[in-house]
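These notes concern the structure reproduced below.
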Amino acid sequence: MKDRVDQKMDQWLKEEAANRSESIPEEFHEGFLQMLDSLPDRSESPTSRKRATTSKRLLVYASAAILIIGFITGTTVSPAFADWVKSFFTRPELDKGLQTAAQQGFSQLQHASVIEQGITFTVKEVMADSKRLILTYSLQAEDGTALDPATIFERVDLEPLPTPFYYTKDGNNFYITTDDGKTISQNKTFILPSGRMAKQQSIRRVLTHDDLADLVFDLEDHAPAKQLFVNIKVKKVNGVEGTWSLKVPVNLEKSMAATKRLPIDAAYTTPSGLTIQLNDITFSPTVTTLALQSEWTAEKRRELEANHPEFFHDYAKKSFNQRWLHYDVMDESGKVVLSTTLPPKEKGNGVLIEDHDDAGLSQSSRGSLSIVSQSYPPIDSKKKLTFVLKGIAQDERPNLDWKINLEDLEKKNATFTYKSFRATITGIHYGENSSILELEEETTLIGANIDILDESGRILSTPNENLLGEWDEIDPETRKRRLKLKIPVQGLTKETNSITLRFTSIVTFDPNVNWQVPLPFNP
Amino acid sequence: MEANFAQDIERAIAGEKEAFVRLIKSMEQPLYRVSRSILKTDNECLDAVQEAVMNAFHSIHTLREPRFFKTWLIRILMNVCYRMAREKNKVVMLSLPETAESTNQFEAHVELQQALKSLDEELRMLIHLHYFEGFTVKEMAEILQTAEGTLKSRLVKARALLAKWYAPADEQRGLHQR
């Protein structure tokens, strides 16, 4: 019977597809033809593409800046540096955790190399603990000249971020195994701006310096392992095909002896119905990691389902899980030693280095469960520390309409508030066919998702290549930031009487929490 | 593959811009529909198609097998769309515009659209590529870089979920066993 249902559904889908008569929207069609008209000749640069990608960048800045905290580097090390330094990992542009661990002698010098087609691949130094592994390597041509070590990766620049990102290419592969053969690096897929899909195993960053490069890996749990192996399988270097294969051992005994994982198992439910569990804290040589999980209570979930059924049916489920727990960890004197919101520019102690999703579940099967481990530069495990919850930032879908009479706006600014979120229209600069709407938001982390509608309910075009935005850093006390936007709105003119701003999603911040947990320590 | 289409692919690979333009024009419908099945607005789709076409234009000389042109282009487009969807999901400040008319046109088969929306993104895309864009399982394996057997079983799963979605009204639609 199952097969027959399947056959019927197959048949029905075929019929539906055959009977489909969708037309392409005129606006799309026109843009499509325009794009083909503007295709450059082979020798020209792709100007139209530049316009298109630029339009997206403004939106990417904030997220990228948040995601790469801990790697704010970019300076080039002088050629003499490698000659006198004891370890490559004490370089000031690396995060504090790696520097500290290297200074404490956790790194291991290596001179493992392989020669193929006259090109030598050499691993110079490695360091690993329970969470991360870093390795430095070089490439050398037959005549002894150094090759760019990043040549085995595809470079991606995300302006205005100072350091590029690199992704594996040409079938080159790096992965980590334990002494019993278990792979503990996770296969991840990245879609690059070139459209290429890059698969690589847990390489978090590639950092070039002099004629060398560091590979930084995130590691999965490998508690009993005494030794790890970095497996290197390179198939193409600088356009030359071959097989550069290396298996580099990394002794873990010293770093594991210095690693302590202490259970906490404290739980708290916020007045708004979010249950938070602080599972454990791990002190490793390169990072201190807090493991946390959060989930809506059954009652709150029912309420959400009644008010926002869209969370439970389409891919908006992702937003349902988009929440950020804000907290500080303080020492006995009340000083914040680590925090979710220390500005990255301080790039020193207490700054979030990595926020790892540990749920290991698909969006549809995880419900509202979020499990994360958040790593910071190492803190002293012998100190008495206290975890202080500051609030919850949550991506909400209120779908609220805010109608603005434009005549009134000339007399005074109009302000919209939703929970902790506030938006104020501070001005409109009218043009002939389109105008610039100035909007100031007081928000947490990121802004709202807004549609702008005219009097007839039509969504007005807001081409984002001309969108301008500025934002302040998050205030560590209120966990809020100010965001100023200049939004070009096509079809908004002096003749327009009113517009409606439809807030389809807003990130709110709930400071109504009261939870402090003393963290375990090693007396 | 039609003879003209195949010839144009050869010419485009050899660097003839006009042939490339003809090929892309003939694929406007699938390019729009595939992007629209991932992205939310027509403007985003146009951005994605523009970027994918530019990528294809600048790398078509690397295409070794002309018969893979269509799957190759769709794969580039899907990669761009997924990247854009991912970026938008991370930092969404403003919705991109779209007209009410275009939404209505796309939602011509509202019921089917709703049923498809109930599927996970991955399964929805499989149904879309297979039934609405006419790609064979083999071609989809090329586009999605996934084994054919895996795709077949996922298609069965997708159809089963769709059948389940329609189950309450099975009598009216005649989709289930009487």
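We name chains A, B, ... following the order of the structure tokens; residues begin at 1 in each chain, and ligands are numbered from 1 as shown.
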
Distance query Arg481 in chain A at most 8 Å, only C-alpha atoms, self and fewer than 2 positions along chain excluded, as a PyMOL selection string: chain A and resi 442-445+471-475+479+483

Contacts of Thr340 in chain A within 12 Å, only C-alpha atoms, excl. fewer than 2 positions in-chain, as a PyMOL selection string: chain A and resi 66+69+290+324-329+336-338+342-344+349-355+374-376+387-393+445+474-477+479

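Non-sequential neighbours of Val137 in chain B (distance at most 9 Å, separation of 6 or more positions within a chain, only C-alpha atoms) are His130, Glu148, Gly149, Leu151 and Lys152 of chain B.
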
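Proximity to Gln7 in chain B was assessed for B:Cys81, B:Leu119, B:Leu46, B:Phe69 counting only C-alpha atoms; the smallest distance is recorded for B:Phe69.
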
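Among the candidates A:Tyr418, A:Phe217, A:Phe503, A:Phe229, the one nearest to chain B when counting only C-alpha atoms is A:Phe503.
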
Non-local contacts of Ala101 in chain A (12 Å; only C-alpha atoms; under 4 positions in same chain excluded) as number ranges by chain: A: 87-91, 94-97, 105-108, 126-129, 132-134, 254-255, 258-259, 283-288, 377-379

Okay, now the selection with C-alpha atoms, as a CSV table (one decimal), in the first residue's frame?
chain,number,residue,atom,x,y,z
A,87,SER,CA,57.2,29.4,19.5
A,88,PHE,CA,55.2,30.6,16.5
A,89,PHE,CA,52.1,30.6,18.7
A,90,THR,CA,53.3,33.4,21.0
A,91,ARG,CA,52.8,35.9,18.2
A,94,LEU,CA,47.0,35.2,17.9
A,95,ASP,CA,44.4,35.2,20.6
A,96,LYS,CA,45.4,35.3,24.2
A,97,GLY,CA,44.6,31.6,24.8
A,105,GLY,CA,55.3,25.3,27.0
A,106,PHE,CA,52.3,23.3,25.5
A,107,SER,CA,53.5,23.6,21.9
A,108,GLN,CA,55.7,20.9,20.3
A,126,VAL,CA,51.9,21.9,16.7
A,127,MET,CA,49.8,22.5,19.8
A,128,ALA,CA,46.6,20.9,21.0
A,129,ASP,CA,44.3,20.6,24.0
A,132,ARG,CA,41.7,23.2,19.7
A,133,LEU,CA,44.7,22.2,17.6
A,134,ILE,CA,47.0,24.6,15.8
A,254,LYS,CA,50.8,17.3,29.0
A,255,SER,CA,47.9,19.4,27.9
A,258,ALA,CA,46.4,20.5,32.6
A,259,THR,CA,42.7,20.2,31.6
A,283,PHE,CA,39.7,24.7,31.9
A,284,SER,CA,42.1,23.8,29.1
A,285,PRO,CA,45.5,25.3,28.2
A,286,THR,CA,44.2,27.4,25.3
A,287,VAL,CA,40.6,28.1,26.4
A,288,THR,CA,38.1,28.1,29.2
A,377,PRO,CA,40.9,32.8,26.8
A,378,PRO,CA,41.9,30.7,29.8
A,379,ILE,CA,41.0,32.0,33.2

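Between CA of Pro25 in chain A and CA of Ser456 in chain A the separation is 19.6 Å.
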
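If only C-alpha atoms are the atoms counted, then among A:Asp401, A:Asp395, A:Glu410, A:Glu154 the closest residue to chain B is A:Asp395.
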
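Once Asp454 in chain A and its same-chain neighbours fewer than 5 positions away are set aside, Ile459, Leu460, Leu492, Thr496, Ser498, Ile499 and Thr500 of chain A remain within 8 Å of it when counting only C-alpha atoms.
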
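For the residues A:Arg323, A:Lys494, A:Lys233, A:Arg458, ranking by smallest atom-to-atom distance to Gln293 in chain A using only C-alpha atoms places A:Arg323 first.
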
Neighbouring residues of Pro149 in chain A were defined as those with any atom within 8 Å, considering only C-alpha atoms; residues of the same chain fewer than 2 positions away were excluded. Please report them as a compact mmCIF listing (two decimals) with C-alpha atoms, in the first residue's frame.
# COMPACT_ATOMS: atom_id res chain seq x y z
CA TYR A 137 53.52 24.68 8.02
CA SER A 138 55.54 25.93 5.06
CA LEU A 139 55.91 25.13 1.35
CA LEU A 147 56.06 29.32 -1.83
CA THR A 151 48.29 28.66 -2.32
CA ILE A 152 46.65 25.35 -1.37
CA THR A 208 49.49 33.43 7.20
CA ASP A 211 56.37 32.32 4.55
CA LEU A 212 54.37 30.21 6.97
CA ALA A 213 50.73 29.58 7.74

All alpha helix (DSSP H) residues (DSSP, backbone) inside range 335-421 of chain A, as an NGL selection string: :A and (363-366 or 406-409)

Residue nearest Pro30 in chain B among A:Met330, A:Ile176, A:Ile24, A:Leu400 (counting only C-alpha atoms): A:Ile24

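Excluding Leu409 in chain A itself and any same-chain residue fewer than 4 positions from it, the protein and nucleic acid residues within 10 Å of it, counting only C-alpha atoms, are Ile404, Asn405, Asn413, Ala414, Ile425, Thr426, Gly427, Ile428 and Ser498 of chain A.
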
Separation of CA of Leu13 in chain A from CA of Phe132 in chain B in Å: 8.5 Å

Selected residue, from A:Glu432, A:Glu16, A:Asp510, A:Glu142, that lies nearest to chain B when counting only C-alpha atoms: A:Glu16

Enumerate the residues of range 250-310 of chain A with a DSSP assignment of strand (DSSP E or B), computed from the backbone, and present them as a PDB file with N, CA and C atoms, in the first residue's frame.
ATOM      1  N   VAL A 250      50.644  14.427  17.577  1.00  0.00           N
ATOM      2  CA  VAL A 250      50.612  15.524  18.557  1.00  0.00           C
ATOM      3  C   VAL A 250      50.379  14.892  19.928  1.00  0.00           C
ATOM      4  N   ASN A 251      51.379  14.974  20.789  1.00  0.00           N
ATOM      5  CA  ASN A 251      51.253  14.372  22.115  1.00  0.00           C
ATOM      6  C   ASN A 251      50.338  15.227  22.987  1.00  0.00           C
ATOM      7  N   LYS A 260      40.920  20.516  33.097  1.00  0.00           N
ATOM      8  CA  LYS A 260      39.960  20.092  34.128  1.00  0.00           C
ATOM      9  C   LYS A 260      38.556  20.405  33.643  1.00  0.00           C
ATOM     10  N   ARG A 261      37.704  19.377  33.673  1.00  0.00           N
ATOM     11  CA  ARG A 261      36.304  19.601  33.317  1.00  0.00           C
ATOM     12  C   ARG A 261      35.500  19.436  34.594  1.00  0.00           C
ATOM     13  N   LEU A 262      34.885  20.500  35.059  1.00  0.00           N
ATOM     14  CA  LEU A 262      34.181  20.450  36.332  1.00  0.00           C
ATOM     15  C   LEU A 262      32.678  20.599  36.110  1.00  0.00           C
ATOM     16  N   PRO A 263      31.887  19.646  36.618  1.00  0.00           N
ATOM     17  CA  PRO A 263      30.432  19.743  36.422  1.00  0.00           C
ATOM     18  C   PRO A 263      29.827  20.894  37.226  1.00  0.00           C
ATOM     19  N   ILE A 264      28.783  21.497  36.692  1.00  0.00           N
ATOM     20  CA  ILE A 264      28.071  22.552  37.411  1.00  0.00           C
ATOM     21  C   ILE A 264      26.623  22.108  37.653  1.00  0.00           C
ATOM     22  N   ASP A 265      25.955  21.704  36.570  1.00  0.00           N
ATOM     23  CA  ASP A 265      24.588  21.179  36.644  1.00  0.00           C
ATOM     24  C   ASP A 265      23.636  22.088  37.417  1.00  0.00           C
ATOM     25  N   ALA A 266      23.656  23.360  37.112  1.00  0.00           N
ATOM     26  CA  ALA A 266      22.713  24.293  37.734  1.00  0.00           C
ATOM     27  C   ALA A 266      21.663  24.677  36.703  1.00  0.00           C
ATOM     28  N   ALA A 267      20.412  24.837  37.156  1.00  0.00           N
ATOM     29  CA  ALA A 267      19.337  25.168  36.210  1.00  0.00           C
ATOM     30  C   ALA A 267      18.501  26.330  36.734  1.00  0.00           C
ATOM     31  N   TYR A 268      17.880  27.031  35.806  1.00  0.00           N
ATOM     32  CA  TYR A 268      17.091  28.208  36.160  1.00  0.00           C
ATOM     33  C   TYR A 268      16.046  28.415  35.070  1.00  0.00           C
ATOM     34  N   THR A 269      14.857  28.788  35.475  1.00  0.00           N
ATOM     35  CA  THR A 269      13.836  29.121  34.479  1.00  0.00           C
ATOM     36  C   THR A 269      13.511  30.610  34.591  1.00  0.00           C
ATOM     37  N   LEU A 274      11.965  30.426  29.815  1.00  0.00           N
ATOM     38  CA  LEU A 274      13.109  29.758  29.192  1.00  0.00           C
ATOM     39  C   LEU A 274      13.918  29.046  30.279  1.00  0.00           C
ATOM     40  N   THR A 275      14.077  27.743  30.116  1.00  0.00           N
ATOM     41  CA  THR A 275      14.870  26.986  31.088  1.00  0.00           C
ATOM     42  C   THR A 275      16.321  26.920  30.607  1.00  0.00           C
ATOM     43  N   ILE A 276      17.211  27.364  31.483  1.00  0.00           N
ATOM     44  CA  ILE A 276      18.634  27.406  31.129  1.00  0.00           C
ATOM     45  C   ILE A 276      19.389  26.460  32.042  1.00  0.00           C
ATOM     46  N   GLN A 277      20.285  25.717  31.478  1.00  0.00           N
ATOM     47  CA  GLN A 277      21.099  24.793  32.257  1.00  0.00           C
ATOM     48  C   GLN A 277      22.565  25.100  32.014  1.00  0.00           C
ATOM     49  N   LEU A 278      23.285  25.286  33.093  1.00  0.00           N
ATOM     50  CA  LEU A 278      24.729  25.499  32.982  1.00  0.00           C
ATOM     51  C   LEU A 278      25.361  24.152  33.305  1.00  0.00           C
ATOM     52  N   ASN A 279      25.877  23.482  32.301  1.00  0.00           N
ATOM     53  CA  ASN A 279      26.282  22.087  32.474  1.00  0.00           C
ATOM     54  C   ASN A 279      27.660  21.919  33.114  1.00  0.00           C
ATOM     55  N   ASP A 280      28.662  22.522  32.534  1.00  0.00           N
ATOM     56  CA  ASP A 280      30.008  22.362  33.096  1.00  0.00           C
ATOM     57  C   ASP A 280      30.938  23.458  32.611  1.00  0.00           C
ATOM     58  N   ILE A 281      32.090  23.477  33.241  1.00  0.00           N
ATOM     59  CA  ILE A 281      33.138  24.408  32.809  1.00  0.00           C
ATOM     60  C   ILE A 281      34.416  23.606  32.594  1.00  0.00           C
ATOM     61  N   THR A 282      35.099  23.874  31.487  1.00  0.00           N
ATOM     62  CA  THR A 282      36.338  23.156  31.196  1.00  0.00           C
ATOM     63  C   THR A 282      37.490  24.152  31.138  1.00  0.00           C
ATOM     64  N   PHE A 283      38.502  23.892  31.945  1.00  0.00           N
ATOM     65  CA  PHE A 283      39.711  24.720  31.915  1.00  0.00           C
ATOM     66  C   PHE A 283      40.762  23.972  31.091  1.00  0.00           C
ATOM     67  N   THR A 288      39.011  28.516  28.175  1.00  0.00           N
ATOM     68  CA  THR A 288      38.086  28.103  29.226  1.00  0.00           C
ATOM     69  C   THR A 288      36.712  28.053  28.572  1.00  0.00           C
ATOM     70  N   THR A 289      36.010  26.927  28.751  1.00  0.00           N
ATOM     71  CA  THR A 289      34.773  26.734  28.003  1.00  0.00           C
ATOM     72  C   THR A 289      33.591  26.494  28.934  1.00  0.00           C
ATOM     73  N   LEU A 290      32.510  27.226  28.692  1.00  0.00           N
ATOM     74  CA  LEU A 290      31.261  27.008  29.428  1.00  0.00           C
ATOM     75  C   LEU A 290      30.294  26.263  28.522  1.00  0.00           C
ATOM     76  N   ALA A 291      29.677  25.192  29.052  1.00  0.00           N
ATOM     77  CA  ALA A 291      28.692  24.440  28.272  1.00  0.00           C
ATOM     78  C   ALA A 291      27.304  24.772  28.805  1.00  0.00           C
ATOM     79  N   LEU A 292      26.453  25.295  27.934  1.00  0.00           N
ATOM     80  CA  LEU A 292      25.120  25.746  28.354  1.00  0.00           C
ATOM     81  C   LEU A 292      24.056  25.171  27.434  1.00  0.00           C
ATOM     82  N   GLN A 293      22.864  25.004  27.969  1.00  0.00           N
ATOM     83  CA  GLN A 293      21.752  24.673  27.089  1.00  0.00           C
ATOM     84  C   GLN A 293      20.505  25.433  27.523  1.00  0.00           C
ATOM     85  N   SER A 294      19.598  25.633  26.594  1.00  0.00           N
ATOM     86  CA  SER A 294      18.369  26.355  26.925  1.00  0.00           C
ATOM     87  C   SER A 294      17.215  25.814  26.084  1.00  0.00           C
ATOM     88  N   GLU A 295      16.015  25.886  26.658  1.00  0.00           N
ATOM     89  CA  GLU A 295      14.836  25.357  25.969  1.00  0.00           C
ATOM     90  C   GLU A 295      13.593  26.001  26.564  1.00  0.00           C
ATOM     91  N   TRP A 296      12.615  26.297  25.730  1.00  0.00           N
ATOM     92  CA  TRP A 296      11.374  26.854  26.261  1.00  0.00           C
ATOM     93  C   TRP A 296      10.631  25.793  27.079  1.00  0.00           C
TER      94      TRP A 296
END
